[in-house]
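Student: work-v1.cif is reproduced below (mmCIF, N, CA and C atoms).
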```
data_start
loop_
_atom_site.label_atom_id
_atom_site.label_comp_id
_atom_site.auth_asym_id
_atom_site.auth_seq_id
_atom_site.Cartn_x
_atom_site.Cartn_y
_atom_site.Cartn_z
N MET A 1 0.85 -1.18 0.00
CA MET A 1 0.00 0.00 0.00
C MET A 1 0.89 1.24 0.00
N SER A 2 0.55 2.24 -0.80
CA SER A 2 1.32 3.47 -0.84
C SER A 2 0.42 4.63 -0.42
N ILE A 3 1.06 5.78 -0.22
CA ILE A 3 0.33 6.95 0.21
C ILE A 3 0.87 8.17 -0.51
N ASN A 4 -0.03 9.06 -0.89
CA ASN A 4 0.36 10.32 -1.53
C ASN A 4 0.49 11.38 -0.44
N TYR A 5 1.59 11.32 0.29
CA TYR A 5 1.77 12.25 1.41
C TYR A 5 1.99 13.68 0.93
N VAL A 6 2.50 13.88 -0.28
CA VAL A 6 2.71 15.24 -0.78
C VAL A 6 1.36 15.93 -0.97
N LYS A 7 0.37 15.21 -1.46
CA LYS A 7 -0.97 15.78 -1.61
C LYS A 7 -1.50 16.24 -0.26
N ILE A 8 -1.30 15.43 0.75
CA ILE A 8 -1.75 15.79 2.10
C ILE A 8 -1.00 17.03 2.59
N LEU A 9 0.31 17.09 2.36
CA LEU A 9 1.10 18.27 2.78
C LEU A 9 0.63 19.53 2.07
N LYS A 10 0.32 19.44 0.79
CA LYS A 10 -0.15 20.61 0.03
C LYS A 10 -1.47 21.13 0.58
N GLU A 11 -2.28 20.23 1.12
CA GLU A 11 -3.57 20.62 1.69
C GLU A 11 -3.42 21.17 3.11
N ASN A 12 -2.31 20.84 3.77
CA ASN A 12 -2.07 21.23 5.17
C ASN A 12 -0.62 21.67 5.31
N LEU A 13 -0.33 22.88 4.83
CA LEU A 13 1.06 23.37 4.75
C LEU A 13 1.76 23.50 6.09
N CYS A 14 1.02 23.90 7.08
CA CYS A 14 1.65 24.20 8.38
C CYS A 14 1.62 23.00 9.31
N GLY A 15 2.64 22.92 10.13
CA GLY A 15 2.73 21.82 11.07
C GLY A 15 3.82 22.07 12.08
N VAL A 16 4.36 21.00 12.61
CA VAL A 16 5.39 21.08 13.64
C VAL A 16 6.62 20.29 13.17
N LEU A 17 7.78 20.94 13.20
CA LEU A 17 9.03 20.30 12.84
C LEU A 17 9.77 19.96 14.13
N ALA A 18 10.17 18.70 14.24
CA ALA A 18 10.92 18.25 15.42
C ALA A 18 12.36 17.96 15.02
N THR A 19 13.28 18.42 15.86
CA THR A 19 14.71 18.18 15.67
C THR A 19 15.29 17.71 16.99
N ARG A 20 16.51 17.19 16.91
CA ARG A 20 17.21 16.79 18.13
C ARG A 20 18.42 17.69 18.33
N ASN A 21 18.77 17.84 19.60
CA ASN A 21 20.00 18.55 19.94
C ASN A 21 20.64 17.83 21.13
N ASN A 22 21.68 18.40 21.68
CA ASN A 22 22.41 17.74 22.77
C ASN A 22 21.59 17.56 24.04
N THR A 23 20.52 18.35 24.19
CA THR A 23 19.73 18.26 25.41
C THR A 23 18.39 17.55 25.22
N GLY A 24 18.07 17.15 24.00
CA GLY A 24 16.81 16.46 23.78
C GLY A 24 16.18 16.80 22.45
N VAL A 25 14.86 16.89 22.45
CA VAL A 25 14.09 17.16 21.24
C VAL A 25 13.53 18.56 21.31
N SER A 26 13.54 19.26 20.18
CA SER A 26 12.95 20.59 20.08
C SER A 26 11.89 20.58 18.99
N THR A 27 10.80 21.30 19.21
CA THR A 27 9.75 21.42 18.21
C THR A 27 9.46 22.88 17.97
N ARG A 28 8.96 23.17 16.76
CA ARG A 28 8.54 24.52 16.44
C ARG A 28 7.58 24.47 15.26
N ALA A 29 6.74 25.50 15.18
CA ALA A 29 5.82 25.62 14.05
C ALA A 29 6.65 25.83 12.78
N PHE A 30 6.23 25.18 11.69
CA PHE A 30 6.98 25.25 10.45
C PHE A 30 6.02 25.13 9.28
N GLN A 31 6.50 25.44 8.08
CA GLN A 31 5.67 25.37 6.88
C GLN A 31 6.34 24.55 5.79
N PHE A 32 5.61 23.61 5.24
CA PHE A 32 6.02 22.87 4.05
C PHE A 32 6.04 23.84 2.88
N LEU A 33 7.06 23.73 2.02
CA LEU A 33 7.13 24.59 0.84
C LEU A 33 6.68 23.86 -0.42
N PHE A 34 7.39 22.79 -0.78
CA PHE A 34 7.07 22.03 -1.98
C PHE A 34 7.85 20.72 -1.93
N ALA A 35 7.61 19.88 -2.91
CA ALA A 35 8.29 18.59 -2.93
C ALA A 35 8.74 18.26 -4.34
N ASN A 36 9.75 17.40 -4.40
CA ASN A 36 10.24 16.86 -5.66
C ASN A 36 10.59 15.40 -5.37
N GLY A 37 9.74 14.50 -5.82
CA GLY A 37 9.93 13.10 -5.48
C GLY A 37 9.78 12.92 -3.98
N ASN A 38 10.74 12.23 -3.36
CA ASN A 38 10.70 12.02 -1.90
C ASN A 38 11.38 13.15 -1.13
N LYS A 39 11.81 14.19 -1.84
CA LYS A 39 12.43 15.34 -1.18
C LYS A 39 11.36 16.38 -0.86
N VAL A 40 11.18 16.62 0.42
CA VAL A 40 10.20 17.59 0.89
C VAL A 40 10.98 18.82 1.39
N TYR A 41 10.68 19.98 0.82
CA TYR A 41 11.47 21.19 1.05
C TYR A 41 10.86 22.12 2.10
N PHE A 42 11.77 22.74 2.85
CA PHE A 42 11.44 23.73 3.87
C PHE A 42 12.47 24.85 3.78
N GLY A 43 12.20 25.95 4.45
CA GLY A 43 13.16 27.04 4.50
C GLY A 43 13.31 27.54 5.92
N THR A 44 14.47 28.12 6.20
CA THR A 44 14.73 28.71 7.51
C THR A 44 15.84 29.74 7.37
N SER A 45 16.20 30.30 8.49
CA SER A 45 17.29 31.27 8.54
C SER A 45 18.49 30.64 9.23
N ASN A 46 19.67 30.97 8.75
CA ASN A 46 20.87 30.37 9.35
C ASN A 46 21.24 30.97 10.70
N ASP A 47 20.45 31.91 11.19
CA ASP A 47 20.71 32.47 12.52
C ASP A 47 19.72 31.94 13.57
N LYS A 48 18.97 30.90 13.22
CA LYS A 48 18.01 30.30 14.15
C LYS A 48 18.56 29.00 14.73
N PRO A 49 18.13 28.65 15.94
CA PRO A 49 18.57 27.38 16.54
C PRO A 49 18.24 26.16 15.68
N VAL A 50 17.14 26.18 14.94
CA VAL A 50 16.78 25.03 14.12
C VAL A 50 17.86 24.76 13.08
N TYR A 51 18.47 25.80 12.54
CA TYR A 51 19.54 25.62 11.55
C TYR A 51 20.73 24.91 12.21
N ASP A 52 21.11 25.37 13.38
CA ASP A 52 22.23 24.74 14.09
C ASP A 52 21.92 23.29 14.42
N GLN A 53 20.69 23.03 14.87
CA GLN A 53 20.31 21.66 15.22
C GLN A 53 20.34 20.74 14.01
N LEU A 54 19.83 21.22 12.88
CA LEU A 54 19.78 20.37 11.69
C LEU A 54 21.15 20.18 11.04
N THR A 55 22.04 21.15 11.21
CA THR A 55 23.38 20.94 10.66
C THR A 55 24.20 20.03 11.56
N GLU A 56 23.90 20.04 12.86
CA GLU A 56 24.61 19.17 13.80
C GLU A 56 24.09 17.73 13.76
N ILE A 57 22.77 17.59 13.78
CA ILE A 57 22.12 16.27 13.73
C ILE A 57 21.09 16.35 12.59
N PRO A 58 21.49 15.97 11.38
CA PRO A 58 20.64 16.18 10.20
C PRO A 58 19.51 15.16 10.03
N GLU A 59 18.62 15.13 10.99
CA GLU A 59 17.41 14.31 10.95
C GLU A 59 16.26 15.13 11.51
N ALA A 60 15.06 14.90 10.98
CA ALA A 60 13.91 15.65 11.47
C ALA A 60 12.64 14.86 11.24
N SER A 61 11.58 15.35 11.87
CA SER A 61 10.24 14.83 11.67
C SER A 61 9.31 16.03 11.52
N PHE A 62 8.35 15.93 10.62
CA PHE A 62 7.38 17.00 10.40
C PHE A 62 6.00 16.40 10.52
N CYS A 63 5.17 17.02 11.33
CA CYS A 63 3.81 16.55 11.57
C CYS A 63 2.83 17.64 11.17
N SER A 64 1.84 17.26 10.38
CA SER A 64 0.81 18.18 9.93
C SER A 64 -0.54 17.52 10.13
N HIS A 65 -1.60 18.32 10.16
CA HIS A 65 -2.93 17.76 10.39
C HIS A 65 -3.99 18.56 9.66
N ALA A 66 -5.11 17.92 9.44
CA ALA A 66 -6.25 18.60 8.84
C ALA A 66 -6.73 19.70 9.79
N LYS A 67 -7.39 20.68 9.24
CA LYS A 67 -7.85 21.82 10.04
C LYS A 67 -8.73 21.39 11.22
N ASP A 68 -9.50 20.32 11.02
CA ASP A 68 -10.38 19.85 12.09
C ASP A 68 -9.72 18.74 12.94
N TYR A 69 -8.44 18.52 12.72
CA TYR A 69 -7.65 17.51 13.46
C TYR A 69 -8.15 16.08 13.23
N SER A 70 -8.95 15.86 12.20
CA SER A 70 -9.49 14.52 11.97
C SER A 70 -8.47 13.56 11.37
N SER A 71 -7.41 14.10 10.77
CA SER A 71 -6.35 13.26 10.23
C SER A 71 -4.99 13.92 10.49
N VAL A 72 -3.99 13.08 10.68
CA VAL A 72 -2.64 13.55 11.00
C VAL A 72 -1.66 12.82 10.09
N LEU A 73 -0.65 13.55 9.65
CA LEU A 73 0.43 13.01 8.84
C LEU A 73 1.75 13.34 9.50
N SER A 74 2.63 12.37 9.59
CA SER A 74 3.98 12.60 10.11
C SER A 74 4.96 11.98 9.13
N ILE A 75 5.99 12.77 8.75
CA ILE A 75 7.05 12.27 7.87
C ILE A 75 8.37 12.45 8.58
N ASP A 76 9.32 11.56 8.31
CA ASP A 76 10.64 11.77 8.89
C ASP A 76 11.72 11.18 8.00
N GLY A 77 12.93 11.70 8.21
CA GLY A 77 14.07 11.25 7.43
C GLY A 77 15.24 12.19 7.58
N PRO A 78 16.33 11.89 6.88
CA PRO A 78 17.51 12.74 6.95
C PRO A 78 17.28 14.08 6.24
N VAL A 79 18.03 15.09 6.67
CA VAL A 79 17.89 16.45 6.16
C VAL A 79 19.19 16.87 5.48
N THR A 80 19.04 17.60 4.37
CA THR A 80 20.19 18.13 3.64
C THR A 80 19.91 19.58 3.27
N PHE A 81 20.85 20.47 3.60
CA PHE A 81 20.76 21.87 3.17
C PHE A 81 21.33 21.99 1.77
N VAL A 82 20.69 22.79 0.93
CA VAL A 82 21.14 22.99 -0.44
C VAL A 82 21.25 24.48 -0.75
N GLU A 83 22.29 24.84 -1.47
CA GLU A 83 22.43 26.20 -1.97
C GLU A 83 21.98 26.18 -3.42
N ASP A 84 20.72 26.49 -3.63
CA ASP A 84 20.12 26.43 -4.96
C ASP A 84 19.27 27.67 -5.17
N LYS A 85 19.75 28.58 -5.98
CA LYS A 85 19.07 29.85 -6.21
C LYS A 85 17.66 29.64 -6.78
N GLU A 86 17.50 28.65 -7.67
CA GLU A 86 16.19 28.39 -8.25
C GLU A 86 15.17 27.95 -7.21
N LEU A 87 15.59 27.12 -6.27
CA LEU A 87 14.68 26.69 -5.20
C LEU A 87 14.31 27.87 -4.30
N LYS A 88 15.28 28.71 -4.01
CA LYS A 88 14.99 29.90 -3.20
C LYS A 88 14.01 30.81 -3.93
N GLU A 89 14.24 31.02 -5.23
CA GLU A 89 13.33 31.86 -6.03
C GLU A 89 11.92 31.28 -6.02
N ARG A 90 11.83 29.97 -6.16
CA ARG A 90 10.52 29.33 -6.15
C ARG A 90 9.81 29.59 -4.82
N ALA A 91 10.52 29.41 -3.71
CA ALA A 91 9.92 29.66 -2.40
C ALA A 91 9.48 31.11 -2.26
N LEU A 92 10.31 32.03 -2.69
CA LEU A 92 9.97 33.46 -2.59
C LEU A 92 8.77 33.80 -3.46
N ASN A 93 8.68 33.21 -4.64
CA ASN A 93 7.58 33.50 -5.55
C ASN A 93 6.27 32.85 -5.12
N GLU A 94 6.34 31.66 -4.53
CA GLU A 94 5.12 30.96 -4.14
C GLU A 94 4.58 31.40 -2.78
N TYR A 95 5.44 31.99 -1.95
CA TYR A 95 5.03 32.37 -0.59
C TYR A 95 5.42 33.81 -0.30
N PRO A 96 4.50 34.75 -0.54
CA PRO A 96 4.80 36.17 -0.32
C PRO A 96 5.31 36.50 1.09
N ALA A 97 4.86 35.76 2.10
CA ALA A 97 5.32 36.04 3.47
C ALA A 97 6.82 35.75 3.60
N ILE A 98 7.31 34.73 2.91
CA ILE A 98 8.74 34.42 2.94
C ILE A 98 9.50 35.52 2.21
N LYS A 99 8.93 35.98 1.08
CA LYS A 99 9.58 37.08 0.33
C LYS A 99 9.64 38.34 1.18
N GLU A 100 8.61 38.58 1.96
CA GLU A 100 8.60 39.75 2.84
C GLU A 100 9.74 39.69 3.86
N ILE A 101 10.04 38.51 4.33
CA ILE A 101 11.11 38.33 5.33
C ILE A 101 12.49 38.45 4.71
N TYR A 102 12.73 37.70 3.63
CA TYR A 102 14.09 37.57 3.08
C TYR A 102 14.38 38.48 1.89
N LYS A 103 13.33 38.99 1.25
CA LYS A 103 13.42 39.94 0.13
C LYS A 103 13.99 39.34 -1.15
N SER A 104 15.09 38.59 -1.06
CA SER A 104 15.80 38.13 -2.24
C SER A 104 16.45 36.77 -2.00
N SER A 105 16.63 36.03 -3.09
CA SER A 105 17.32 34.75 -2.99
C SER A 105 18.80 34.94 -2.68
N ASP A 106 19.28 36.15 -2.79
CA ASP A 106 20.68 36.45 -2.47
C ASP A 106 20.91 36.68 -0.97
N ASN A 107 19.83 36.74 -0.21
CA ASN A 107 19.96 36.94 1.23
C ASN A 107 20.68 35.73 1.84
N GLU A 108 21.83 35.97 2.42
CA GLU A 108 22.66 34.87 2.95
C GLU A 108 22.05 34.19 4.17
N LEU A 109 21.07 34.82 4.81
CA LEU A 109 20.41 34.20 5.95
C LEU A 109 19.45 33.10 5.51
N PHE A 110 18.86 33.25 4.32
CA PHE A 110 17.83 32.35 3.82
C PHE A 110 18.44 31.03 3.36
N LYS A 111 17.98 29.94 3.99
CA LYS A 111 18.48 28.61 3.68
C LYS A 111 17.32 27.68 3.32
N ILE A 112 17.56 26.85 2.35
CA ILE A 112 16.59 25.84 1.92
C ILE A 112 17.16 24.47 2.30
N PHE A 113 16.29 23.63 2.82
CA PHE A 113 16.70 22.25 3.09
C PHE A 113 15.58 21.31 2.70
N TYR A 114 15.96 20.07 2.47
CA TYR A 114 14.94 19.08 2.18
C TYR A 114 15.09 17.90 3.13
N MET A 115 13.96 17.28 3.37
CA MET A 115 13.91 16.02 4.11
C MET A 115 13.75 14.93 3.06
N ASP A 116 14.63 13.96 3.07
CA ASP A 116 14.51 12.80 2.21
C ASP A 116 13.61 11.81 2.95
N VAL A 117 12.34 11.84 2.63
CA VAL A 117 11.34 11.11 3.40
C VAL A 117 11.60 9.60 3.33
N LYS A 118 11.76 9.01 4.51
CA LYS A 118 11.99 7.57 4.63
C LYS A 118 10.81 6.85 5.27
N ARG A 119 10.11 7.55 6.16
CA ARG A 119 8.98 6.95 6.87
C ARG A 119 7.81 7.94 6.91
N VAL A 120 6.63 7.38 6.76
CA VAL A 120 5.39 8.17 6.81
C VAL A 120 4.45 7.46 7.77
N GLN A 121 3.81 8.25 8.62
CA GLN A 121 2.78 7.71 9.50
C GLN A 121 1.52 8.56 9.32
N THR A 122 0.40 7.90 9.29
CA THR A 122 -0.87 8.62 9.21
C THR A 122 -1.80 8.12 10.31
N TYR A 123 -2.74 8.97 10.65
CA TYR A 123 -3.77 8.58 11.60
C TYR A 123 -5.04 9.33 11.24
N ASP A 124 -6.14 8.63 11.23
CA ASP A 124 -7.44 9.30 11.16
C ASP A 124 -8.44 8.47 11.96
N PHE A 125 -9.55 9.10 12.30
CA PHE A 125 -10.52 8.47 13.18
C PHE A 125 -11.17 7.24 12.57
N VAL A 126 -11.27 7.18 11.26
CA VAL A 126 -11.92 6.06 10.60
C VAL A 126 -10.97 4.88 10.41
N ASN A 127 -9.76 5.16 9.92
CA ASN A 127 -8.82 4.09 9.56
C ASN A 127 -7.75 3.80 10.60
N GLY A 128 -7.65 4.62 11.61
CA GLY A 128 -6.62 4.41 12.64
C GLY A 128 -5.24 4.76 12.13
N ALA A 129 -4.22 4.14 12.72
CA ALA A 129 -2.83 4.45 12.40
C ALA A 129 -2.32 3.54 11.28
N HIS A 130 -1.49 4.13 10.40
CA HIS A 130 -0.81 3.36 9.35
C HIS A 130 0.62 3.86 9.26
N HIS A 131 1.54 2.93 8.99
CA HIS A 131 2.96 3.23 8.86
C HIS A 131 3.44 2.78 7.48
N TYR A 132 4.23 3.64 6.85
CA TYR A 132 4.75 3.35 5.51
C TYR A 132 6.26 3.59 5.51
N THR A 133 6.99 2.73 4.85
CA THR A 133 8.41 2.93 4.63
C THR A 133 8.58 3.27 3.16
N ILE A 134 9.23 4.37 2.89
CA ILE A 134 9.38 4.86 1.51
C ILE A 134 10.68 4.33 0.92
#
```
With the file now loaded, output its structure as structure tokens.
Tutor:
Amino acid sequence: MSINYVKILKENLCGVLATRNNTGVSTRAFQFLFANGNKVYFGTSNDKPVYDQLTEIPEASFCSHAKDYSSVLSIDGPVTFVEDKELKERALNEYPAIKEIYKSSDNELFKIFYMDVKRVQTYDFVNGAHHYTI
């Protein structure tokens, strides 16, 4: 059985990104940007703790849910930062709020990373929990 987790992410952009650091697990609100195959893209600033955590321990989990909380999606896998001007331009063009923050793809603070999705978990009230290995 397979799952179209990208479709679910596109319908529910916002969620919680979990990372690890030397003292435990950290979570914060985050936004899905787009995907290419099993690569799910996000953006952040290199002056935030999340950047330090992901460069030190490059693994993460992202959890998103339907607006009424009736279904939940969790993806996890290794994380890789990429210096790709086209990906930055895409993020800036598709999300005006990100453009408002960073202004330009040349902004050295703006970083793009992707999660290479290895595991997917879903839950909904009708079907219960399901686990998928990608």
Student: Can you turn the PyMOL selection byres ((chain A and resi 51-57) around 8) into a concrete residue list for this file, as a list in words?
Tutor: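 Applying the PyMOL selection byres ((chain A and resi 51-57) around 8) to the structure shown produces Thr19, Arg20, Asn21, Asn22, Thr44, Ser45, Asn46, Asp47, Lys48, Pro49, Val50, Pro58, Glu59, Ala60, Pro78, Val79, Thr80 and Phe81 of chain A.
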Student: Taking the file as shown, what set of residues would the PyMOL selection byres ((chain A and resi 83-100) around 8) give back, as an NGL selection string?
Tutor: :A and (33-34 or 80-82 or 101-106 or 110-113)
Student: Within 7 Å of (9.5, 22.8, 12.2), only N, CA and C atoms: residues as a ChimeraX atom specification?
Tutor: /A:15-19,27-31,61-62
Student: Would you mind telling me which residue in A:Asn107, A:Thr133, A:Asn127, A:Asn12 lies nearest to A:Ser64 when using all atoms listed in the file?
Tutor: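 Of A:Asn107, A:Thr133, A:Asn127, A:Asn12, the one nearest A:Ser64 is A:Asn12, counting all atoms listed in the file.
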Student: Could you state the separation of atom N of A:Tyr41 and atom C of A:Phe125 in Å, given to one decimal place?
Tutor: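 That distance, rounded to one decimal, is 27.9 Å.
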Student: Would you give me, as a PyMOL selection string, the residues in chain A that DSSP reads as strand (DSSP E)?
Tutor: chain A and resi 14-21+24-31+34-36+39-45+59-65+71-82+110-116+119-124+128-133
Student: If you measure from atom CA of A:Gly128 to atom CA of A:Tyr114, what distance in Å do you get, rounded to one decimal?
Tutor: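 Taking atom CA of A:Gly128 and atom CA of A:Tyr114, their separation equals 28.1 Å.
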Student: Using only N, CA and C atoms, can you tell me which of A:Tyr132, A:Val120, A:Glu11, A:Met115 comes closest to A:Ala66?
Tutor: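 Using only N, CA and C atoms, A:Ala66 sits closest to A:Glu11.
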Student: Report, in Å with one decimal, the straight-line distance from atom CA of A:Cys14 to atom N of A:Phe32.
Tutor: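 One can read the atom CA of A:Cys14 to atom N of A:Phe32 distance as 5.1 Å.
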Student: Could you pull the residues within 9 Å of A:Arg119, counting only C-alpha atoms, minus those fewer than 5 positions along the same chain, as a list in words?
Tutor: Ser74, Ile75, Asp76, Gly77, His131, Tyr132, Thr133 and Ile134 of chain A
Student: Using DSSP on the backbone, list every residue of chain A that comes out as alpha helix (DSSP H), and give them as a ChimeraX atom specification.
Tutor: /A:5-11,49-56,85-94,96-102
Student: Please evaluate the PyMOL selection byres (((chain A and resi 123 and name CA) around 6) and name CA) against the structure above and give the resulting residues as number ranges by chain.
Tutor: A: 71-72, 122, 124, 128-129
